[in-house]
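File shown: input-v1.pdb (PDB, C-alpha atoms).
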```
MODEL        1
ATOM      1  CA  MET A   1      28.127  32.946 -29.199
ATOM      2  CA  THR A   2      25.194  31.822 -31.293
ATOM      3  CA  HIS A   3      21.734  31.042 -29.942
ATOM      4  CA  THR A   4      22.181  27.351 -30.784
ATOM      5  CA  THR A   5      25.453  27.194 -28.847
ATOM      6  CA  LYS A   6      23.815  28.819 -25.812
ATOM      7  CA  ARG A   7      21.010  26.254 -25.917
ATOM      8  CA  ILE A   8      23.512  23.384 -26.135
ATOM      9  CA  ILE A   9      25.475  24.737 -23.150
ATOM     10  CA  MET A  10      22.307  25.252 -21.100
ATOM     11  CA  ASN A  11      21.099  21.765 -21.994
ATOM     12  CA  ASN A  12      24.418  20.260 -20.893
ATOM     13  CA  ILE A  13      24.301  22.186 -17.608
ATOM     14  CA  VAL A  14      20.764  21.039 -16.842
ATOM     15  CA  MET A  15      21.583  17.441 -17.807
ATOM     16  CA  THR A  16      24.656  17.486 -15.575
ATOM     17  CA  LEU A  17      22.758  18.902 -12.587
ATOM     18  CA  SER A  18      19.911  16.434 -13.111
ATOM     19  CA  THR A  19      22.328  13.511 -13.286
ATOM     20  CA  ILE A  20      24.142  14.619 -10.134
ATOM     21  CA  SER A  21      20.822  14.999  -8.298
ATOM     22  CA  ALA A  22      19.694  11.538  -9.422
ATOM     23  CA  VAL A  23      22.992   9.981  -8.296
ATOM     24  CA  ILE A  24      22.751  11.695  -4.900
ATOM     25  CA  GLY A  25      19.159  10.528  -4.470
ATOM     26  CA  MET A  26      20.019   6.960  -5.445
ATOM     27  CA  GLY A  27      23.026   7.110  -3.114
ATOM     28  CA  PHE A  28      20.826   7.971  -0.132
ATOM     29  CA  LEU A  29      18.364   5.257  -1.142
ATOM     30  CA  PHE A  30      21.019   2.532  -1.327
ATOM     31  CA  TRP A  31      22.591   3.834   1.884
ATOM     32  CA  ILE A  32      19.299   3.418   3.743
ATOM     33  CA  LEU A  33      18.623   0.017   2.169
ATOM     34  CA  GLY A  34      22.193  -1.100   2.927
ATOM     35  CA  ILE A  35      21.923  -0.222   6.613
ATOM     36  CA  LEU A  36      18.509  -1.863   6.765
ATOM     37  CA  VAL A  37      19.736  -5.078   5.119
ATOM     38  CA  ILE A  38      22.900  -5.294   7.246
ATOM     39  CA  ASN A  39      21.099  -4.791  10.550
ATOM     40  CA  GLY A  40      17.965  -6.688   9.530
ATOM     41  CA  VAL A  41      19.682  -9.816   8.247
ATOM     42  CA  ASP A  42      21.940  -9.859  11.307
ATOM     43  CA  ALA A  43      18.874  -9.845  13.573
ATOM     44  CA  LEU A  44      16.935 -12.515  11.650
ATOM     45  CA  THR A  45      16.581 -15.855  13.431
ATOM     46  CA  TRP A  46      14.062 -18.674  13.300
ATOM     47  CA  THR A  47      12.679 -17.673  16.707
ATOM     48  CA  ILE A  48      11.419 -14.423  15.173
ATOM     49  CA  PHE A  49       8.868 -16.426  13.181
ATOM     50  CA  SER A  50       8.131 -19.092  15.796
ATOM     51  CA  GLN A  51       7.998 -17.173  19.087
ATOM     52  CA  GLU A  52       5.747 -14.433  20.425
ATOM     53  CA  GLY A  53       6.866 -11.235  22.107
ATOM     54  CA  ALA A  54       8.587 -11.502  25.458
ATOM     55  CA  PRO A  55       9.893  -9.074  28.088
ATOM     56  CA  PRO A  56      13.391  -7.621  27.553
ATOM     57  CA  GLY A  57      16.209 -10.040  28.321
ATOM     58  CA  TYR A  58      14.385 -13.237  27.312
ATOM     59  CA  GLU A  59      16.108 -15.213  24.569
ATOM     60  CA  ASN A  60      12.961 -16.757  23.089
ATOM     61  CA  SER A  61      11.399 -13.526  21.870
ATOM     62  CA  GLY A  62      10.003 -13.129  18.384
ATOM     63  CA  LEU A  63       7.541 -11.404  16.101
ATOM     64  CA  LYS A  64       5.035 -14.185  15.516
ATOM     65  CA  HIS A  65       2.245 -12.203  17.167
ATOM     66  CA  ALA A  66       2.986  -9.111  15.068
ATOM     67  CA  LEU A  67       3.298 -11.017  11.792
ATOM     68  CA  ILE A  68      -0.029 -12.822  12.262
ATOM     69  CA  GLY A  69      -1.731  -9.622  13.417
ATOM     70  CA  GLN A  70      -0.404  -7.741  10.395
ATOM     71  CA  LEU A  71      -1.658 -10.436   8.033
ATOM     72  CA  LEU A  72      -5.115 -10.403   9.634
ATOM     73  CA  ILE A  73      -5.503  -6.611   9.620
ATOM     74  CA  VAL A  74      -4.127  -6.063   6.106
ATOM     75  CA  GLY A  75      -5.919  -9.176   4.811
ATOM     76  CA  ALA A  76      -9.296  -7.978   6.090
ATOM     77  CA  ALA A  77      -8.686  -4.539   4.579
ATOM     78  CA  THR A  78      -7.763  -6.143   1.241
ATOM     79  CA  VAL A  79     -10.833  -8.387   1.189
ATOM     80  CA  VAL A  80     -13.090  -5.359   1.665
ATOM     81  CA  GLY A  81     -11.125  -2.647  -0.160
ATOM     82  CA  VAL A  82     -10.274  -4.483  -3.391
ATOM     83  CA  PRO A  83     -13.852  -5.382  -4.494
ATOM     84  CA  LEU A  84     -15.168  -1.955  -3.442
ATOM     85  CA  GLY A  85     -12.370  -0.165  -5.288
ATOM     86  CA  ILE A  86     -12.788  -2.202  -8.469
ATOM     87  CA  LEU A  87     -16.580  -1.818  -8.492
ATOM     88  CA  ALA A  88     -16.375   1.916  -7.804
ATOM     89  CA  GLY A  89     -13.770   2.345 -10.546
ATOM     90  CA  THR A  90     -15.959   0.338 -12.899
ATOM     91  CA  TYR A  91     -18.900   2.651 -12.181
ATOM     92  CA  LEU A  92     -16.804   5.737 -12.912
ATOM     93  CA  SER A  93     -15.452   4.366 -16.186
ATOM     94  CA  GLU A  94     -18.401   2.435 -17.566
ATOM     95  CA  TYR A  95     -21.500   4.093 -16.125
ATOM     96  CA  GLY A  96     -20.727   7.489 -14.612
ATOM     97  CA  GLN A  97     -18.126   8.592 -17.173
ATOM     98  CA  LYS A  98     -18.358  12.411 -17.399
ATOM     99  CA  ALA A  99     -21.404  12.829 -15.136
ATOM    100  CA  LYS A 100     -21.232  15.313 -12.269
ATOM    101  CA  LEU A 101     -21.440  12.567  -9.647
ATOM    102  CA  ALA A 102     -18.566  10.667 -11.250
ATOM    103  CA  GLU A 103     -16.388  13.792 -11.426
ATOM    104  CA  THR A 104     -17.179  14.547  -7.773
ATOM    105  CA  ILE A 105     -16.188  11.020  -6.761
ATOM    106  CA  ARG A 106     -12.931  11.374  -8.693
ATOM    107  CA  ASP A 107     -12.153  14.657  -6.944
ATOM    108  CA  ILE A 108     -12.899  13.197  -3.512
ATOM    109  CA  SER A 109     -10.772  10.162  -4.323
ATOM    110  CA  ASP A 110      -7.839  12.378  -5.319
ATOM    111  CA  ILE A 111      -8.184  14.305  -2.058
ATOM    112  CA  MET A 112      -8.317  11.083  -0.048
ATOM    113  CA  MET A 113      -5.134   9.786  -1.685
ATOM    114  CA  SER A 114      -3.249  12.855  -0.460
ATOM    115  CA  ALA A 115      -4.815  12.907   3.012
ATOM    116  CA  PRO A 116      -2.364  12.152   5.863
ATOM    117  CA  SER A 117      -2.915   8.651   7.193
ATOM    118  CA  ILE A 118      -2.909   9.898  10.782
ATOM    119  CA  VAL A 119      -5.988  12.003   9.973
ATOM    120  CA  ILE A 120      -7.784   8.887   8.747
ATOM    121  CA  GLY A 121      -6.700   7.076  11.901
ATOM    122  CA  ALA A 122      -8.118   9.877  14.061
ATOM    123  CA  PHE A 123     -11.368   9.792  12.070
ATOM    124  CA  VAL A 124     -11.797   6.031  12.533
ATOM    125  CA  TYR A 125     -10.967   6.441  16.220
ATOM    126  CA  ALA A 126     -13.769   8.992  16.565
ATOM    127  CA  VAL A 127     -16.428   7.049  14.655
ATOM    128  CA  VAL A 128     -15.490   3.431  15.507
ATOM    129  CA  VAL A 129     -13.117   3.091  18.461
ATOM    130  CA  ALA A 130     -14.676   5.703  20.747
ATOM    131  CA  PRO A 131     -18.287   4.429  20.376
ATOM    132  CA  MET A 132     -17.105   0.815  20.881
ATOM    133  CA  GLY A 133     -15.095   1.824  23.937
ATOM    134  CA  HIS A 134     -11.971  -0.126  23.004
ATOM    135  CA  PHE A 135      -9.382  -0.627  20.273
ATOM    136  CA  SER A 136      -9.815  -3.505  17.840
ATOM    137  CA  GLY A 137      -8.339  -5.174  14.804
ATOM    138  CA  TRP A 138     -11.510  -4.370  12.853
ATOM    139  CA  ALA A 139     -10.981  -0.654  13.450
ATOM    140  CA  GLY A 140      -7.452  -0.992  12.065
ATOM    141  CA  SER A 141      -8.763  -2.776   8.980
ATOM    142  CA  ILE A 142     -11.374  -0.056   8.427
ATOM    143  CA  ALA A 143      -8.667   2.625   8.537
ATOM    144  CA  LEU A 144      -6.485   0.729   6.064
ATOM    145  CA  THR A 145      -9.485   0.113   3.797
ATOM    146  CA  ILE A 146     -10.174   3.851   3.648
ATOM    147  CA  ILE A 147      -6.537   4.461   2.673
ATOM    148  CA  MET A 148      -6.493   1.660   0.091
ATOM    149  CA  LEU A 149      -9.859   2.355  -1.530
ATOM    150  CA  PRO A 150      -9.052   5.567  -3.489
ATOM    151  CA  ILE A 151      -5.820   4.066  -4.872
ATOM    152  CA  ILE A 152      -7.582   1.024  -6.326
ATOM    153  CA  LEU A 153     -10.571   3.118  -7.434
ATOM    154  CA  ARG A 154      -8.496   5.603  -9.439
ATOM    155  CA  THR A 155      -6.226   2.914 -10.883
ATOM    156  CA  THR A 156      -9.208   0.852 -12.020
ATOM    157  CA  ASP A 157     -10.891   3.919 -13.514
ATOM    158  CA  ASP A 158      -7.747   4.911 -15.430
ATOM    159  CA  MET A 159      -6.985   1.384 -16.651
ATOM    160  CA  LEU A 160     -10.547   0.783 -17.883
ATOM    161  CA  ASN A 161     -10.508   4.093 -19.737
ATOM    162  CA  LEU A 162      -7.399   2.903 -21.606
ATOM    163  CA  VAL A 163      -9.302  -0.034 -23.102
ATOM    164  CA  PRO A 164     -10.265   0.998 -26.677
ATOM    165  CA  SER A 165     -13.944   1.823 -27.090
ATOM    166  CA  THR A 166     -13.961  -0.156 -30.343
ATOM    167  CA  LEU A 167     -13.711  -3.375 -28.314
ATOM    168  CA  ARG A 168     -16.853  -2.437 -26.408
ATOM    169  CA  GLU A 169     -18.659  -1.509 -29.620
ATOM    170  CA  ALA A 170     -17.715  -4.808 -31.255
ATOM    171  CA  ALA A 171     -19.040  -6.761 -28.252
ATOM    172  CA  PHE A 172     -22.270  -4.746 -28.235
ATOM    173  CA  ALA A 173     -22.664  -5.385 -31.978
ATOM    174  CA  LEU A 174     -22.568  -9.125 -31.265
ATOM    175  CA  GLY A 175     -25.483  -8.702 -28.862
ATOM    176  CA  ALA A 176     -23.582  -9.010 -25.572
ATOM    177  CA  PRO A 177     -25.216  -7.268 -22.586
ATOM    178  CA  LYS A 178     -23.279  -4.522 -20.830
ATOM    179  CA  TYR A 179     -22.278  -6.571 -17.796
ATOM    180  CA  LYS A 180     -20.792  -9.293 -20.028
ATOM    181  CA  VAL A 181     -18.921  -6.702 -22.054
ATOM    182  CA  ILE A 182     -17.396  -5.321 -18.865
ATOM    183  CA  ILE A 183     -16.476  -8.709 -17.381
ATOM    184  CA  GLN A 184     -15.344 -10.579 -20.483
ATOM    185  CA  VAL A 185     -13.900  -7.765 -22.599
ATOM    186  CA  VAL A 186     -13.044  -4.659 -20.568
ATOM    187  CA  TYR A 187     -11.699  -6.420 -17.483
ATOM    188  CA  ARG A 188      -9.582  -8.749 -19.608
ATOM    189  CA  GLY A 189      -8.059  -5.829 -21.441
ATOM    190  CA  ALA A 190      -7.219  -3.996 -18.215
ATOM    191  CA  LYS A 191      -6.407  -6.892 -15.868
ATOM    192  CA  ALA A 192      -2.667  -6.146 -15.682
ATOM    193  CA  GLY A 193      -3.257  -2.507 -14.766
ATOM    194  CA  ILE A 194      -5.961  -3.367 -12.230
ATOM    195  CA  LEU A 195      -3.710  -5.964 -10.586
ATOM    196  CA  THR A 196      -0.933  -3.395 -10.429
ATOM    197  CA  GLY A 197      -3.262  -0.983  -8.640
ATOM    198  CA  ILE A 198      -4.215  -3.690  -6.156
ATOM    199  CA  LEU A 199      -0.567  -4.489  -5.412
ATOM    200  CA  LEU A 200       0.300  -0.814  -4.972
ATOM    201  CA  GLY A 201      -2.714  -0.306  -2.702
ATOM    202  CA  VAL A 202      -1.745  -3.256  -0.499
ATOM    203  CA  ALA A 203       1.872  -2.087  -0.425
ATOM    204  CA  ARG A 204       0.738   1.377   0.675
ATOM    205  CA  VAL A 205      -1.348   0.189   3.624
ATOM    206  CA  ALA A 206       1.066  -2.563   4.668
ATOM    207  CA  GLY A 207       3.573   0.050   5.822
ATOM    208  CA  GLU A 208       1.150   2.278   7.748
ATOM    209  CA  THR A 209       1.757   2.847  11.451
ATOM    210  CA  ALA A 210      -0.065   6.047  12.464
ATOM    211  CA  PRO A 211      -3.646   4.894  11.748
ATOM    212  CA  LEU A 212      -3.058   1.626  13.609
ATOM    213  CA  LEU A 213      -1.899   3.476  16.710
ATOM    214  CA  PHE A 214      -5.363   5.067  16.851
ATOM    215  CA  THR A 215      -7.353   1.948  15.959
ATOM    216  CA  SER A 216      -5.875  -1.513  16.588
ATOM    217  CA  PHE A 217      -3.316  -0.141  19.087
ATOM    218  CA  ASN A 218      -1.004  -3.083  19.874
ATOM    219  CA  ASP A 219      -0.613  -6.304  21.834
ATOM    220  CA  ASN A 220       2.635  -7.955  22.855
ATOM    221  CA  PHE A 221       1.036 -11.396  22.708
ATOM    222  CA  LEU A 222      -0.610 -13.449  19.982
ATOM    223  CA  ASN A 223      -4.263 -12.552  19.508
ATOM    224  CA  THR A 224      -6.468 -13.553  16.593
ATOM    225  CA  ASP A 225      -9.682 -11.970  17.885
ATOM    226  CA  MET A 226     -10.324  -8.988  15.617
ATOM    227  CA  ASN A 227     -12.674  -7.507  18.228
ATOM    228  CA  GLU A 228      -9.756  -6.922  20.589
ATOM    229  CA  PRO A 229      -6.572  -4.812  20.382
ATOM    230  CA  MET A 230      -4.197  -6.569  18.006
ATOM    231  CA  ALA A 231      -0.481  -6.468  17.338
ATOM    232  CA  SER A 232       0.793  -5.273  13.975
ATOM    233  CA  LEU A 233       4.273  -5.424  12.524
ATOM    234  CA  THR A 234       4.485  -1.668  11.981
ATOM    235  CA  VAL A 235       3.489  -0.617  15.509
ATOM    236  CA  THR A 236       5.591  -3.390  17.069
ATOM    237  CA  MET A 237       8.568  -2.269  14.984
ATOM    238  CA  TYR A 238       8.081   1.305  16.190
ATOM    239  CA  ASN A 239       7.833   0.241  19.849
ATOM    240  CA  TYR A 240      10.836  -2.056  19.684
ATOM    241  CA  ALA A 241      13.058   0.293  17.684
ATOM    242  CA  THR A 242      12.475   3.193  20.107
ATOM    243  CA  SER A 243      12.958   1.073  23.247
ATOM    244  CA  PRO A 244      16.176   1.302  25.321
ATOM    245  CA  TYR A 245      16.687  -2.485  25.266
ATOM    246  CA  GLU A 246      19.212  -3.898  22.798
ATOM    247  CA  ASP A 247      17.354  -7.186  22.199
ATOM    248  CA  TRP A 248      14.136  -5.309  21.401
ATOM    249  CA  GLN A 249      16.038  -2.986  19.074
ATOM    250  CA  LYS A 250      17.329  -6.017  17.155
ATOM    251  CA  LEU A 251      13.762  -7.263  16.818
ATOM    252  CA  GLY A 252      12.832  -3.801  15.536
ATOM    253  CA  TRP A 253      15.512  -4.066  12.819
ATOM    254  CA  ALA A 254      14.253  -7.530  11.880
ATOM    255  CA  ALA A 255      10.666  -6.243  11.640
ATOM    256  CA  ALA A 256      11.806  -3.300   9.499
ATOM    257  CA  PHE A 257      13.671  -5.647   7.154
ATOM    258  CA  ILE A 258      10.734  -8.058   6.771
ATOM    259  CA  LEU A 259       8.264  -5.241   6.157
ATOM    260  CA  SER A 260      10.532  -3.415   3.706
ATOM    261  CA  MET A 261      11.222  -6.552   1.678
ATOM    262  CA  PHE A 262       7.498  -7.324   1.523
ATOM    263  CA  ILE A 263       6.610  -3.823   0.313
ATOM    264  CA  LEU A 264       9.551  -3.769  -2.114
ATOM    265  CA  THR A 265       8.435  -7.114  -3.565
ATOM    266  CA  LEU A 266       4.877  -5.859  -4.086
ATOM    267  CA  ASN A 267       6.116  -2.710  -5.811
ATOM    268  CA  ILE A 268       8.455  -4.678  -8.077
ATOM    269  CA  LEU A 269       5.628  -7.053  -9.003
ATOM    270  CA  GLY A 270       3.424  -4.071  -9.807
ATOM    271  CA  LYS A 271       6.080  -2.599 -12.091
ATOM    272  CA  LEU A 272       6.617  -5.955 -13.793
ATOM    273  CA  PHE A 273       2.905  -6.279 -14.547
ATOM    274  CA  LEU A 274       2.895  -2.788 -16.048
ATOM    275  CA  LEU A 275       5.965  -3.555 -18.163
ATOM    276  CA  LYS A 276       4.366  -6.788 -19.319
ATOM    277  CA  LYS A 277       1.253  -4.894 -20.351
ATOM    278  CA  LYS A 278       3.305  -2.296 -22.263
ATOM    279  CA  GLY A 279       5.335  -5.080 -23.895
ATOM    280  CA  ARG A 280       2.168  -6.453 -25.433
TER     281      ARG A 280
ENDMDL
END
```

Output the file's structure as structure tokens, nothing else.
Amino acid sequence: MTHTTKRIIMNNIVMTLSTISAVIGMGFLFWILGILVINGVDALTWTIFSQEGAPPGYENSGLKHALIGQLLIVGAATVVGVPLGILAGTYLSEYGQKAKLAETIRDISDIMMSAPSIVIGAFVYAVVVAPMGHFSGWAGSIALTIIMLPIILRTTDDMLNLVPSTLREAAFALGAPKYKVIIQVVYRGAKAGILTGILLGVARVAGETAPLLFTSFNDNFLNTDMNEPMASLTVTMYNYATSPYEDWQKLGWAAAFILSMFILTLNILGKLFLLKKKGR
């Protein structure tokens, strides 16, 4: 058997094993999504969106309190985390570049992206919740902001670095100041990638449960005061899904379906923006 024949056989073996592994992985994925869709759609009713939580056995029980709480907590984290992440990424790409401080920030950001979310929740509990003496929606937003920030920071840094330096040089040659070059040239060239990073960051924090258990805790009733414990869809889903009551379990399936579809939509939008950018 020649060396070329051996390589062809080995290549076919590896390709076959890789294909089988991919099919098995996709099979598990569609199995999970199938069960989620079947149980989630079956549990969906209008009362889920119009009614608050109720004790087990009550017909008019819904997830209105959790949906509004989730929007408030994630929305506050997005309002704070997105500008901070974009500005920090801009500093790394346009000002810090290869400086020691910039490299240190990049390293810390990479570490933060791999840090378990429950650790961040415990940290925010120690520095925010414990001194305040009570859980709050603001504490939950702070935890989610810390999780979101390094994702947007690194994405912005990478996307800005992909913008050709010749565009910057051409703008400088026309007499444009640095801030105008960044806003009108660099940001425009990287807007699809930056938006993708924002969507992925929001999708990441929207599905977090552990940090909210330590910070915003939960509330079975509608509350819009961010200074008080606040319901979230993820924690409510966890509580309902693990309860012994069948009606609460159905609400847990509905919450899981709504949350999964929201995160899936954000991820698909992020991929579409990236494909659109590559298509150009």

Check: With all atoms listed in the file as the basis for distance, which of A:Ile68, A:Leu251, A:Val74, A:Val41 is at the shortest distance from A:Leu144?
Finding: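 Counting all atoms listed in the file, the residue closest to A:Leu144 is A:Val74.
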
Checklist line | Selection near A:Glu59, 12 Å with all atoms listed in the file, sequence-local residues under 5 positions removed, as an NGL selection string | finding: :A and (45-48 or 51-54 or 246-248 or 250-251)

Item checked: Nearest-residue call for A:Ser117, choices A:Gly62, A:Gly207, A:Gly69, A:Gly34, using all atoms listed in the file ->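 Checking each candidate against A:Ser117, we get A:Gly207 as the closest.
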
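Atom CA of A:Met26 lies 21.2 Å from atom CA of A:Leu200.
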
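Among A:Asn239, A:Ser260, A:Asn161, A:Thr215, the residue with the shortest atom-to-atom distance to A:Gly140, counting all atoms listed in the file, is A:Thr215.
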
Margin query: Restricting the calculation to only C-alpha atoms: of A:Leu195, A:Ala66, A:Ile152, A:Ala99, which residue gets closest to A:Thr236?
Written below: A:Ala66

Next item on the list: Determine, counting only C-alpha atoms, which protein, DNA and RNA residues have an atom within 10 Å of an atom of A:Met226; residues of the same chain fewer than 4 positions away are not included. Present the result as a ChimeraX atom specification.
Entry: /A:69,72-73,76,135-141,216,230

Item checked: Explicit residues for the PyMOL selection byres ((chain A and resi 238) around 10) (as a ChimeraX atom specification) -> /A:209,233-237,239-243,249,252-253,255-256

Note to self: I'd like to see the residues matched by the PyMOL selection byres ((chain A and resi 191) around 12) on this file, and ideally I'd get them as a PyMOL selection string.
What the structure shows: chain A and resi 86+155-160+162-163+182-190+192-198+270+273-274+276-277

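Closest approach to A:Tyr95 among A:Ala254, A:Lys178, A:Asn39, A:Leu63: A:Lys178, based on only C-alpha atoms.
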
Item checked: Surrounding residues of A:Met112 excluding itself and chain neighbours under 6 positions, 12 Å, only C-alpha atoms, as a list in words -> Ile105, Arg106, Val119, Ile120, Thr145, Ile146, Ile147, Met148, Leu149, Pro150, Ile151, Ile152, Leu153 and Arg154 of chain A

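Of note, atom CA of A:Ile35 and atom CA of A:Leu259 are spaced 14.6 Å apart.
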